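Next comes input22.csv, a file with CSV, C-alpha atoms.
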chain,number,residue,atom,x,y,z
W,1,MET,CA,-40.9,-35.7,-44.9
W,2,ASN,CA,-38.4,-33.3,-43.5
W,3,PRO,CA,-38.3,-33.2,-39.7
W,4,GLU,CA,-39.3,-30.0,-38.0
W,5,PRO,CA,-36.3,-27.9,-37.0
W,6,MET,CA,-35.5,-28.2,-33.3
W,7,SER,CA,-36.6,-25.2,-31.3
W,8,LEU,CA,-33.8,-23.9,-29.1
W,9,PRO,CA,-34.5,-22.1,-25.9
W,10,PRO,CA,-33.7,-18.4,-26.0
W,11,GLU,CA,-30.3,-17.3,-24.9
W,12,PRO,CA,-30.3,-16.2,-21.3
W,13,VAL,CA,-29.8,-12.6,-20.6
W,14,ARG,CA,-26.4,-12.1,-19.2
W,15,VAL,CA,-25.8,-9.2,-17.0
W,16,ALA,CA,-22.2,-8.2,-16.3
W,17,PRO,CA,-21.3,-8.3,-12.6
W,18,ARG,CA,-21.0,-4.9,-11.0
W,19,ALA,CA,-17.4,-3.9,-10.7
W,20,SER,CA,-16.2,-3.5,-7.1
W,21,LYS,CA,-15.4,0.1,-6.1
W,22,VAL,CA,-13.1,1.2,-3.3
W,23,ALA,CA,-13.0,4.8,-2.3
W,24,ILE,CA,-10.0,6.0,-0.4
W,25,VAL,CA,-10.2,9.2,1.6
W,26,GLY,CA,-6.9,11.0,1.9
W,27,ALA,CA,-4.1,11.0,-0.7
W,28,GLY,CA,-1.3,11.1,1.7
W,29,ALA,CA,1.4,8.5,2.2
W,30,VAL,CA,-1.0,5.8,3.5
W,31,GLY,CA,-3.9,6.6,1.2
W,32,ALA,CA,-1.9,6.7,-2.0
W,33,THR,CA,0.1,3.6,-1.2
W,34,LEU,CA,-3.2,1.8,-0.3
W,35,ALA,CA,-4.6,2.7,-3.7
W,36,TYR,CA,-1.5,1.3,-5.3
W,37,ALA,CA,-1.5,-1.9,-3.2
W,38,THR,CA,-5.3,-2.5,-3.9
W,39,LEU,CA,-4.8,-2.3,-7.6
W,40,VAL,CA,-1.5,-4.3,-7.7
W,41,LYS,CA,-3.2,-7.1,-5.8
W,42,GLY,CA,-6.3,-6.9,-7.9
W,43,ALA,CA,-8.4,-6.5,-4.8
W,44,ALA,CA,-10.9,-4.1,-6.5
W,45,ARG,CA,-11.8,-3.2,-10.1
W,46,GLU,CA,-12.2,0.5,-9.5
W,47,VAL,CA,-10.3,2.7,-7.0
W,48,VAL,CA,-11.0,6.3,-6.4
W,49,LEU,CA,-9.0,8.8,-4.3
W,50,TYR,CA,-10.6,11.8,-2.5
W,51,ASP,CA,-8.5,14.6,-1.0
W,52,ILE,CA,-9.1,18.3,-0.5
W,53,ASN,CA,-5.7,19.0,-2.1
W,54,ARG,CA,-6.6,18.8,-5.8
W,55,ALA,CA,-3.1,19.0,-7.1
W,56,LYS,CA,-1.9,16.2,-4.8
W,57,VAL,CA,-4.7,13.8,-5.6
W,58,GLU,CA,-4.4,14.4,-9.3
W,59,ALA,CA,-0.7,13.8,-9.2
W,60,GLU,CA,-1.1,10.5,-7.3
W,61,VAL,CA,-3.8,9.3,-9.8
W,62,LEU,CA,-1.5,10.1,-12.7
W,63,ASP,CA,1.5,8.4,-11.2
W,64,ILE,CA,-0.5,5.2,-10.4
W,65,GLY,CA,-2.5,5.3,-13.6
W,66,HIS,CA,0.7,5.3,-15.7
W,67,GLY,CA,1.4,1.8,-14.3
W,68,ILE,CA,-2.1,0.3,-14.8
W,69,GLU,CA,-0.8,-1.7,-17.8
W,70,PHE,CA,1.3,-3.7,-15.4
W,71,MET,CA,-1.4,-4.5,-13.0
W,72,PRO,CA,-4.5,-6.7,-13.0
W,73,MET,CA,-7.4,-5.0,-14.8
W,74,GLY,CA,-8.4,-1.9,-12.9
W,75,SER,CA,-8.9,1.8,-13.0
W,76,ILE,CA,-8.1,4.8,-10.8
W,77,SER,CA,-9.5,8.3,-10.6
W,78,GLY,CA,-9.4,11.1,-8.1
W,79,SER,CA,-11.1,14.3,-7.1
W,80,ASP,CA,-11.4,17.0,-4.5
W,81,ASP,CA,-15.2,16.5,-4.7
W,82,ILE,CA,-16.5,14.0,-2.2
W,83,GLY,CA,-19.1,12.9,-4.7
W,84,ILE,CA,-16.4,10.6,-6.3
W,85,CYS,CA,-17.0,8.3,-3.3
W,86,ALA,CA,-20.7,7.7,-4.2
W,87,ASP,CA,-21.8,4.1,-4.4
W,88,ALA,CA,-18.5,2.7,-3.2
W,89,ASP,CA,-18.5,-0.9,-1.9
W,90,ILE,CA,-15.8,0.1,0.7
W,91,VAL,CA,-14.8,3.5,1.9
W,92,VAL,CA,-11.4,3.7,3.5
W,93,PHE,CA,-10.7,6.7,5.7
W,94,THR,CA,-7.0,7.4,5.8
W,95,ALA,CA,-7.1,11.2,6.5
W,96,GLY,CA,-5.6,12.4,9.7
W,97,ALA,CA,-2.9,14.3,11.5
W,98,LYS,CA,0.6,13.2,10.7
W,99,GLN,CA,2.4,11.5,13.5
W,100,LYS,CA,5.7,13.2,14.4
W,101,PRO,CA,8.8,11.4,15.8
W,102,GLY,CA,8.3,10.5,19.4
W,103,GLN,CA,4.6,11.4,19.3
W,104,SER,CA,2.1,8.7,20.5
W,105,ARG,CA,-0.9,7.8,18.4
W,106,MET,CA,-3.2,9.0,21.1
W,107,GLU,CA,-1.7,12.5,20.9
W,108,LEU,CA,-3.1,12.8,17.4
W,109,ALA,CA,-6.7,12.3,18.7
W,110,GLY,CA,-7.9,15.9,18.7
W,111,ALA,CA,-7.0,16.8,15.1
W,112,THR,CA,-8.1,13.5,13.6
W,113,ILE,CA,-11.4,13.6,15.5
W,114,ASN,CA,-12.1,17.1,14.0
W,115,LEU,CA,-11.5,15.7,10.6
W,116,THR,CA,-13.7,12.8,11.3
W,117,LYS,CA,-16.6,15.1,12.4
W,118,ALA,CA,-16.2,17.1,9.2
W,119,ILE,CA,-16.0,14.2,6.7
W,120,VAL,CA,-17.6,11.0,8.0
W,121,PRO,CA,-21.3,12.2,7.9
W,122,LYS,CA,-20.7,13.4,4.3
W,123,LEU,CA,-19.2,10.0,3.4
W,124,VAL,CA,-22.2,8.1,4.8
W,125,GLU,CA,-24.5,10.4,2.9
W,126,VAL,CA,-22.9,9.5,-0.5
W,127,ALA,CA,-22.1,5.9,0.3
W,128,PRO,CA,-24.7,4.7,2.9
W,129,HIS,CA,-24.4,1.0,2.0
W,130,ALA,CA,-20.6,0.8,1.9
W,131,ILE,CA,-18.4,-0.9,4.5
W,132,HIS,CA,-16.5,1.9,6.1
W,133,LEU,CA,-12.9,1.1,7.2
W,134,MET,CA,-11.0,3.5,9.4
W,135,VAL,CA,-7.2,3.5,8.8
W,136,THR,CA,-6.0,6.5,10.7
W,137,ASN,CA,-4.7,7.2,14.2
W,138,PRO,CA,-5.6,6.8,16.9
W,139,VAL,CA,-7.7,4.2,15.1
W,140,ASP,CA,-9.7,2.8,18.1
W,141,VAL,CA,-10.8,6.2,19.4
W,142,VAL,CA,-11.5,7.4,15.8
W,143,THR,CA,-13.5,4.3,15.0
W,144,TYR,CA,-15.7,4.8,18.1
W,145,VAL,CA,-16.2,8.5,17.3
W,146,ALA,CA,-17.1,7.7,13.6
W,147,LEU,CA,-19.6,5.0,14.7
W,148,LYS,CA,-21.4,7.6,16.9
W,149,LEU,CA,-21.3,10.2,14.2
W,150,SER,CA,-22.4,7.9,11.4
W,151,GLY,CA,-25.3,6.1,13.0
W,152,LEU,CA,-24.2,3.0,11.1
W,153,PRO,CA,-24.4,-0.5,12.7
W,154,ALA,CA,-21.2,-1.7,14.3
W,155,ASN,CA,-20.5,-4.4,11.7
W,156,GLN,CA,-20.5,-1.8,8.9
W,157,LEU,CA,-17.9,0.6,10.3
W,158,PHE,CA,-14.7,-0.7,11.9
W,159,GLY,CA,-11.0,0.0,12.1
W,160,SER,CA,-7.9,-1.7,10.8
W,161,GLY,CA,-6.9,-2.2,14.4
W,162,THR,CA,-3.9,-4.5,15.0
W,163,VAL,CA,-3.9,-6.3,11.7
W,164,LEU,CA,-0.6,-4.6,10.9
W,165,ASP,CA,0.7,-5.1,14.4
W,166,SER,CA,-0.1,-8.8,14.2
W,167,SER,CA,1.8,-9.0,10.9
W,168,ARG,CA,4.8,-7.3,12.6
W,169,LEU,CA,4.6,-9.8,15.4
W,170,ARG,CA,4.5,-12.8,13.1
W,171,TRP,CA,7.4,-11.5,11.0
W,172,LEU,CA,9.6,-11.0,14.1
W,173,ILE,CA,8.8,-14.4,15.4
W,174,ALA,CA,9.5,-16.0,12.0
W,175,LEU,CA,12.9,-14.3,11.9
W,176,ARG,CA,13.8,-15.6,15.4
W,177,THR,CA,12.6,-19.1,14.9
W,178,GLY,CA,13.7,-19.7,11.3
W,179,VAL,CA,10.2,-20.7,10.0
W,180,ALA,CA,8.0,-19.2,7.3
W,181,VAL,CA,5.9,-16.3,8.6
W,182,GLN,CA,2.8,-18.0,7.1
W,183,ASN,CA,3.3,-20.8,9.7
W,184,VAL,CA,3.2,-18.4,12.6
W,185,HIS,CA,-0.2,-17.9,14.2
W,186,ALA,CA,-0.2,-15.1,16.7
W,187,TYR,CA,-2.3,-11.9,17.4
W,188,MET,CA,-1.6,-8.5,18.9
W,189,VAL,CA,-4.8,-7.3,20.6
W,190,GLY,CA,-6.2,-4.3,22.4
W,191,GLU,CA,-5.3,-0.7,21.4
W,192,HIS,CA,-3.4,-0.1,18.2
W,193,GLY,CA,-0.8,1.7,20.2
W,194,ASP,CA,1.2,1.6,23.4
W,195,THR,CA,-1.1,-0.7,25.4
W,196,GLU,CA,-1.4,-3.4,22.8
W,197,PHE,CA,0.1,-6.9,23.6
W,198,PRO,CA,0.5,-10.3,22.1
W,199,LEU,CA,-1.7,-13.3,23.1
W,200,TRP,CA,1.2,-15.6,23.9
W,201,SER,CA,-1.1,-18.2,25.6
W,202,SER,CA,-2.7,-19.0,22.2
W,203,ALA,CA,0.2,-18.3,19.9
W,204,ALA,CA,1.7,-21.2,17.9
W,205,ILE,CA,4.0,-22.3,15.1
W,206,ALA,CA,2.1,-24.9,13.2
W,207,SER,CA,0.6,-26.8,16.2
W,208,ILE,CA,3.4,-26.1,18.6
W,209,PRO,CA,2.5,-23.5,21.3
W,210,LEU,CA,5.0,-20.8,21.3
W,211,ARG,CA,5.5,-21.1,25.0
W,212,ASP,CA,6.7,-24.7,24.4
W,213,TRP,CA,9.1,-23.7,21.6
W,214,VAL,CA,12.4,-25.2,22.8
W,215,GLN,CA,14.7,-24.8,19.8
W,216,ASN,CA,18.2,-23.8,20.9
W,217,GLY,CA,20.8,-21.4,19.5
W,218,PRO,CA,19.6,-18.6,17.1
W,219,HIS,CA,16.2,-20.2,16.8
W,220,LYS,CA,15.2,-20.0,20.5
W,221,LEU,CA,12.2,-18.0,21.7
W,222,ASP,CA,12.3,-17.9,25.5
W,223,ALA,CA,10.5,-15.5,27.8
W,224,LYS,CA,13.1,-12.8,27.4
W,225,ASP,CA,13.0,-13.2,23.6
W,226,ARG,CA,9.2,-12.9,23.6
W,227,GLU,CA,9.3,-9.8,25.7
W,228,ASP,CA,11.8,-8.3,23.2
W,229,VAL,CA,9.6,-9.2,20.3
W,230,ALA,CA,6.5,-7.6,22.0
W,231,ASN,CA,8.5,-4.4,22.7
W,232,ASP,CA,9.7,-4.3,19.1
W,233,VAL,CA,6.2,-4.5,17.8
W,234,VAL,CA,4.9,-1.7,20.0
W,235,ASN,CA,7.8,0.6,19.1
W,236,ALA,CA,8.0,-0.3,15.4
W,237,ALA,CA,6.1,2.7,14.1
W,238,TYR,CA,8.2,5.1,16.2
W,239,LYS,CA,11.4,3.7,14.7
W,240,ILE,CA,10.0,3.9,11.1
W,241,ILE,CA,8.7,7.4,11.6
W,242,GLU,CA,12.0,8.6,13.1
W,243,GLY,CA,13.9,7.2,10.1
W,244,LYS,CA,11.6,8.1,7.1
W,245,GLY,CA,8.8,10.3,8.4
W,246,ALA,CA,5.8,7.9,8.0
W,247,THR,CA,4.7,4.3,7.8
W,248,ASN,CA,3.0,3.4,4.5
W,249,TYR,CA,4.0,0.1,2.8
W,250,ALA,CA,2.9,-2.5,5.4
W,251,VAL,CA,-0.2,-0.6,6.5
W,252,ALA,CA,-1.3,-0.3,2.9
W,253,LEU,CA,-0.8,-4.0,2.4
W,254,ALA,CA,-2.8,-4.7,5.6
W,255,GLY,CA,-5.6,-2.4,4.4
W,256,ALA,CA,-5.6,-4.1,1.0
W,257,ARG,CA,-5.9,-7.5,2.7
W,258,ILE,CA,-8.9,-6.3,4.7
W,259,ILE,CA,-10.5,-5.0,1.5
W,260,GLU,CA,-10.0,-8.5,-0.1
W,261,ALA,CA,-11.6,-10.2,2.9
W,262,VAL,CA,-14.6,-8.0,2.6
W,263,LEU,CA,-15.1,-8.0,-1.2
W,264,ARG,CA,-14.5,-11.7,-1.5
W,265,ASP,CA,-16.6,-12.5,1.5
W,266,GLU,CA,-13.8,-14.6,2.9
W,267,HIS,CA,-15.0,-14.8,6.6
W,268,ARG,CA,-11.3,-14.4,7.4
W,269,VAL,CA,-10.2,-14.1,11.0
W,270,MET,CA,-8.5,-10.7,11.5
W,271,PRO,CA,-7.8,-8.6,14.6
W,272,VAL,CA,-9.8,-5.5,13.4
W,273,SER,CA,-11.0,-2.8,15.8
W,274,SER,CA,-14.7,-3.0,16.3
W,275,LEU,CA,-17.3,-2.2,18.9
W,276,VAL,CA,-17.2,-5.0,21.5
W,277,THR,CA,-20.0,-6.0,23.9
W,278,ASN,CA,-19.2,-8.1,27.0
W,279,TYR,CA,-16.0,-9.4,25.6
W,280,ALA,CA,-13.8,-10.4,28.5
W,281,GLY,CA,-16.0,-8.1,30.6
W,282,ILE,CA,-15.5,-5.2,28.2
W,283,SER,CA,-18.3,-3.2,26.5
W,284,ASP,CA,-18.9,0.0,24.6
W,285,VAL,CA,-15.4,0.5,23.3
W,286,CYS,CA,-13.6,-0.2,20.0
W,287,LEU,CA,-10.5,-2.3,20.2
W,288,SER,CA,-8.9,-5.2,18.4
W,289,VAL,CA,-9.7,-8.9,19.0
W,290,PRO,CA,-9.8,-11.7,16.5
W,291,SER,CA,-12.9,-11.1,14.4
W,292,ILE,CA,-14.6,-12.7,11.4
W,293,VAL,CA,-14.4,-10.3,8.4
W,294,GLY,CA,-16.6,-10.7,5.3
W,295,LEU,CA,-19.0,-9.0,2.9
W,296,SER,CA,-21.1,-7.6,5.8
W,297,GLY,CA,-18.1,-6.3,7.6
W,298,VAL,CA,-17.4,-7.6,11.0
W,299,GLY,CA,-19.5,-10.8,11.4
W,300,GLY,CA,-18.6,-11.4,15.0
W,301,THR,CA,-15.7,-11.7,17.4
W,302,LEU,CA,-14.0,-14.9,18.6
W,303,GLU,CA,-13.8,-15.6,22.3
W,304,VAL,CA,-10.1,-16.5,22.4
W,305,PRO,CA,-9.0,-18.2,25.6
W,306,MET,CA,-6.8,-15.8,27.6
W,307,ASP,CA,-5.0,-16.3,30.9
W,308,ASP,CA,-5.7,-13.9,33.8
W,309,PHE,CA,-2.8,-11.7,33.0
W,310,GLU,CA,-3.9,-11.2,29.4
W,311,THR,CA,-7.5,-10.5,30.4
W,312,ALA,CA,-6.3,-7.8,32.8
W,313,ARG,CA,-4.1,-6.3,30.1
W,314,LEU,CA,-7.0,-6.2,27.6
W,315,GLN,CA,-9.3,-4.5,30.2
W,316,ALA,CA,-6.6,-1.9,30.9
W,317,SER,CA,-6.1,-1.3,27.2
W,318,ALA,CA,-9.8,-0.8,26.8
W,319,GLU,CA,-9.9,1.7,29.7
W,320,LYS,CA,-7.1,3.7,28.0
W,321,ILE,CA,-9.1,4.0,24.8
W,322,ARG,CA,-12.3,4.8,26.6
W,323,SER,CA,-10.7,7.6,28.7
W,324,VAL,CA,-9.3,9.3,25.6
W,325,ALA,CA,-12.7,9.1,23.8
W,326,ALA,CA,-14.4,10.5,26.9
W,327,SER,CA,-12.0,13.4,27.1
W,328,PHE,CA,-13.4,14.5,23.7
W,329,GLY,CA,-17.0,14.0,24.8
W,330,PHE,CA,-17.6,10.5,23.3

The structure in this file should be written as structure tokens.
Amino acid sequence: MNPEPMSLPPEPVRVAPRASKVAIVGAGAVGATLAYATLVKGAAREVVLYDINRAKVEAEVLDIGHGIEFMPMGSISGSDDIGICADADIVVFTAGAKQKPGQSRMELAGATINLTKAIVPKLVEVAPHAIHLMVTNPVDVVTYVALKLSGLPANQLFGSGTVLDSSRLRWLIALRTGVAVQNVHAYMVGEHGDTEFPLWSSAAIASIPLRDWVQNGPHKLDAKDREDVANDVVNAAYKIIEGKGATNYAVALAGARIIEAVLRDEHRVMPVSSLVTNYAGISDVCLSVPSIVGLSGVGGTLEVPMDDFETARLQASAEKIRSVAASFGF
């Protein structure tokens, strides 16, 4: 007698995972470079660019698209129709007034706020479930305004903050101390602008507090060296803008790193600009402190130990941001 053939269970229905989509608003130097960096790093499967300048956005899409063969699998498209941003996982707002040589970020507030008023409500309408990331200046004020206009929860809309500034800080420390930048742990906090400052009290190389770094010769980092580094970070953008007209490479890499942290749900600690409540006595203002970033956006802030001087500086930075926002009715 032949045995009965074995009955195999039916093949499970396999559903392809939804490809991640990042929408970038603004095809200027920052927006276009961010689209490029996001695709080169493989941070998202689909990148779309939106800009009211149709010729510019189409040209940027063509230029990047011609190199897609040399990147991780991805796609790029662009339009002057905001509908292209529909159903994005992340919407990155890079549109804003261009900073001129010698001009502070806060001086850009009026023009960028007007753009924010015009565009953000429409973005929320087409992508209500997206994480909205503000990468435009003055980022802290604009993030606060966008939150008020959008009606989104504070975790869902935040700014790039001092992620770039902290990278600048770590790079400068690494150059002075002769160690790899990946082994430098330090944050710039407060405003992404003139009142930002480093948290020297918690900064370290490996497990060595930076204030205890005692190497001699070219690798020293005494109080004067730390002051010089902090000033170089604060003035970095002014120097770059004076020399080439805009910053774009490092800020695009910083933005792409935030995108990765969100889409990969990394719970990575990053000094993004978000609405704080009773942080070092500060509330109802957007500024940068170390925060946990993942799929839901900002998952919370970390209470970093600060000395009295640092606490006072953070409170002063918050007041600067708050006063500018209030001057525009927010």

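Among the candidate residues W:Ala312, W:Val304, W:Ala261, W:Val276, the one lying nearest to Asp140 of chain W is W:Val276, with distances computed using only C-alpha atoms.
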
Between atom CA of Pro153 of chain W and atom CA of Leu253 of chain W - distance in Å to one decimal: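 Interatomic distance here is 26.0 Å.
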
Neighbour list for Ile119 of chain W as a PyMOL selection string, cut-off 12 Å, only C-alpha atoms, skip fewer than 2 positions in-chain: chain W and resi 25-26+50-52+81-83+85+91-96+112-117+121-126+146+149-150

Pick from W:Gly190, W:Asn183, W:Ile131, W:Arg226, whichever lies nearest to Gly294 of chain W using all atoms listed in the file: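 Smallest separation from Gly294 of chain W among the options: W:Ile131.
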
Close residues, Glu46 of chain W itself excluded, 12 Å, only C-alpha atoms, min 5 positions apart in chain, as a PyMOL selection string: chain W and resi 18-24+35-36+38-40+65+68+72-78+84-85+87-90

Closest of W:Met71, W:Ile240, W:Val298, W:Val189 to Ala154 of chain W - atom-to-atom distances counting only C-alpha atoms: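 The answer is W:Val298, which sits nearest to Ala154 of chain W.
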
Nearest to Arg322 of chain W by atom-to-atom distance, counting only C-alpha atoms, from W:Leu49, W:Val145, W:Ile173, W:Val179: W:Val145

Among listed residues W:Asn235, W:Ser273, W:Asn278, W:Ser201, nearest Arg168 of chain W (using only C-alpha atoms): W:Asn235

Expected answer as a PyMOL selection string: all residues with atoms within 10 Å of (-2.5, 14.2, -5.8), all atoms listed in the file: chain W and resi 26-28+32+49-63+78-80

Selected residues, C-alpha atoms, written as a tab-separated table (two decimals), in the coordinates of the input, please.
chain	number	residue	atom	x	y	z
W	26	GLY	CA	-6.90	11.00	1.90
W	27	ALA	CA	-4.10	11.00	-0.70
W	28	GLY	CA	-1.30	11.10	1.70
W	32	ALA	CA	-1.90	6.70	-2.00
W	49	LEU	CA	-9.00	8.80	-4.30
W	50	TYR	CA	-10.60	11.80	-2.50
W	51	ASP	CA	-8.50	14.60	-1.00
W	52	ILE	CA	-9.10	18.30	-0.50
W	53	ASN	CA	-5.70	19.00	-2.10
W	54	ARG	CA	-6.60	18.80	-5.80
W	55	ALA	CA	-3.10	19.00	-7.10
W	56	LYS	CA	-1.90	16.20	-4.80
W	57	VAL	CA	-4.70	13.80	-5.60
W	58	GLU	CA	-4.40	14.40	-9.30
W	59	ALA	CA	-0.70	13.80	-9.20
W	60	GLU	CA	-1.10	10.50	-7.30
W	61	VAL	CA	-3.80	9.30	-9.80
W	62	LEU	CA	-1.50	10.10	-12.70
W	63	ASP	CA	1.50	8.40	-11.20
W	78	GLY	CA	-9.40	11.10	-8.10
W	79	SER	CA	-11.10	14.30	-7.10
W	80	ASP	CA	-11.40	17.00	-4.50

Proximity to Glu227 of chain W - best of W:Val142, W:Ile258, W:Leu199, W:Val30, all atoms listed in the file: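 Using all atoms listed in the file, Glu227 of chain W sits closest to W:Leu199.
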
Distance of atom CA of Lys239 of chain W from atom CA of Met188 of chain W, expressed in Å to one decimal place: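 Result for atom CA of Met188 of chain W versus atom CA of Lys239 of chain W: 18.3 Å, one decimal.
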
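From atom CA of Leu147 of chain W back to atom CA of Leu295 of chain W, the distance works out to 18.3 Å.
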
Surrounding residues of Ile259 of chain W excluding itself and chain neighbours under 3 positions, 8 Å, only C-alpha atoms, as a ChimeraX atom specification: /W:38,43,90,255-256,262-263

All residues 9 Å or closer to Gln99 of chain W, all atoms listed in the file, same chain fewer than 2 positions away omitted, as a list in words: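 Here the answer would be Gly96, Ala97, Pro101, Gly102, Gln103, Ser104, Arg105, Glu107, Leu108, Asn137, Ile241, Gly245 and Ala246 of chain W.
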
Contacts of Cys286 of chain W within 8 Å, only C-alpha atoms, excl. fewer than 6 positions in-chain, as an MDAnalysis selection string: chainID W and resid 140:141 143:144 273:276 318 321

Next, write the just-selected residues to a file, as a PDB file, in the coordinates of the input, keeping C-alpha atoms as the atom set.
ATOM      1  CA  ASP W 140      -9.700   2.800  18.100  1.00  0.00           C
ATOM      2  CA  VAL W 141     -10.800   6.200  19.400  1.00  0.00           C
ATOM      3  CA  THR W 143     -13.500   4.300  15.000  1.00  0.00           C
ATOM      4  CA  TYR W 144     -15.700   4.800  18.100  1.00  0.00           C
ATOM      5  CA  SER W 273     -11.000  -2.800  15.800  1.00  0.00           C
ATOM      6  CA  SER W 274     -14.700  -3.000  16.300  1.00  0.00           C
ATOM      7  CA  LEU W 275     -17.300  -2.200  18.900  1.00  0.00           C
ATOM      8  CA  VAL W 276     -17.200  -5.000  21.500  1.00  0.00           C
ATOM      9  CA  ALA W 318      -9.800  -0.800  26.800  1.00  0.00           C
ATOM     10  CA  ILE W 321      -9.100   4.000  24.800  1.00  0.00           C
TER      11      ILE W 321
END

Within 8 Å of file point (14.5, -18.6, 18.2), counting only C-alpha atoms, expressed as a PyMOL selection string: chain W and resi 173+175-178+215-222+225

Start from the incomplete input, build N, CA and C atoms for segment 90-107 of chain W, and deliver everything as an mmCIF file, in the coordinates of the input.
data_model
loop_
_atom_site.group_PDB
_atom_site.id
_atom_site.type_symbol
_atom_site.label_atom_id
_atom_site.label_comp_id
_atom_site.auth_asym_id
_atom_site.auth_seq_id
_atom_site.Cartn_x
_atom_site.Cartn_y
_atom_site.Cartn_z
ATOM 1 N N ILE W 90 -16.626 -0.143 -0.561
ATOM 2 C CA ILE W 90 -15.800 0.100 0.700
ATOM 3 C C ILE W 90 -15.308 1.518 0.609
ATOM 4 N N VAL W 91 -15.443 2.219 1.719
ATOM 5 C CA VAL W 91 -14.800 3.500 1.900
ATOM 6 C C VAL W 91 -13.750 3.396 2.946
ATOM 7 N N VAL W 92 -12.528 3.755 2.586
ATOM 8 C CA VAL W 92 -11.400 3.700 3.500
ATOM 9 C C VAL W 92 -10.972 5.058 3.917
ATOM 10 N N PHE W 93 -11.036 5.345 5.198
ATOM 11 C CA PHE W 93 -10.700 6.700 5.700
ATOM 12 C C PHE W 93 -9.274 6.676 6.206
ATOM 13 N N THR W 94 -8.382 7.341 5.447
ATOM 14 C CA THR W 94 -7.000 7.400 5.800
ATOM 15 C C THR W 94 -6.552 8.816 6.249
ATOM 16 N N ALA W 95 -7.457 9.782 6.151
ATOM 17 C CA ALA W 95 -7.100 11.200 6.500
ATOM 18 C C ALA W 95 -6.856 11.322 7.961
ATOM 19 N N GLY W 96 -5.904 12.150 8.306
ATOM 20 C CA GLY W 96 -5.600 12.400 9.700
ATOM 21 C C GLY W 96 -4.362 13.176 9.908
ATOM 22 N N ALA W 97 -4.142 13.567 11.144
ATOM 23 C CA ALA W 97 -2.900 14.300 11.500
ATOM 24 C C ALA W 97 -1.713 13.403 11.316
ATOM 25 N N LYS W 98 -0.603 13.971 10.883
ATOM 26 C CA LYS W 98 0.600 13.200 10.700
ATOM 27 C C LYS W 98 1.356 13.018 12.001
ATOM 28 N N GLN W 99 1.719 11.776 12.296
ATOM 29 C CA GLN W 99 2.400 11.500 13.500
ATOM 30 C C GLN W 99 3.885 11.911 13.421
ATOM 31 N N LYS W 100 4.344 12.652 14.425
ATOM 32 C CA LYS W 100 5.700 13.200 14.400
ATOM 33 C C LYS W 100 6.609 12.217 15.227
ATOM 34 N N PRO W 101 7.916 12.274 14.996
ATOM 35 C CA PRO W 101 8.800 11.400 15.800
ATOM 36 C C PRO W 101 8.630 11.599 17.265
ATOM 37 N N GLY W 102 8.470 10.471 17.977
ATOM 38 C CA GLY W 102 8.300 10.500 19.400
ATOM 39 C C GLY W 102 6.871 10.751 19.879
ATOM 40 N N GLN W 103 5.983 11.065 18.963
ATOM 41 C CA GLN W 103 4.600 11.400 19.300
ATOM 42 C C GLN W 103 3.762 10.095 19.348
ATOM 43 N N SER W 104 2.967 9.907 20.405
ATOM 44 C CA SER W 104 2.100 8.700 20.500
ATOM 45 C C SER W 104 0.907 8.894 19.576
ATOM 46 N N ARG W 105 0.282 7.767 19.218
ATOM 47 C CA ARG W 105 -0.900 7.800 18.400
ATOM 48 C C ARG W 105 -2.041 8.576 19.082
ATOM 49 N N MET W 106 -2.151 8.381 20.391
ATOM 50 C CA MET W 106 -3.200 9.000 21.100
ATOM 51 C C MET W 106 -3.120 10.538 21.122
ATOM 52 N N GLU W 107 -1.894 11.052 20.978
ATOM 53 C CA GLU W 107 -1.700 12.500 20.900
ATOM 54 C C GLU W 107 -2.232 13.124 19.640
#
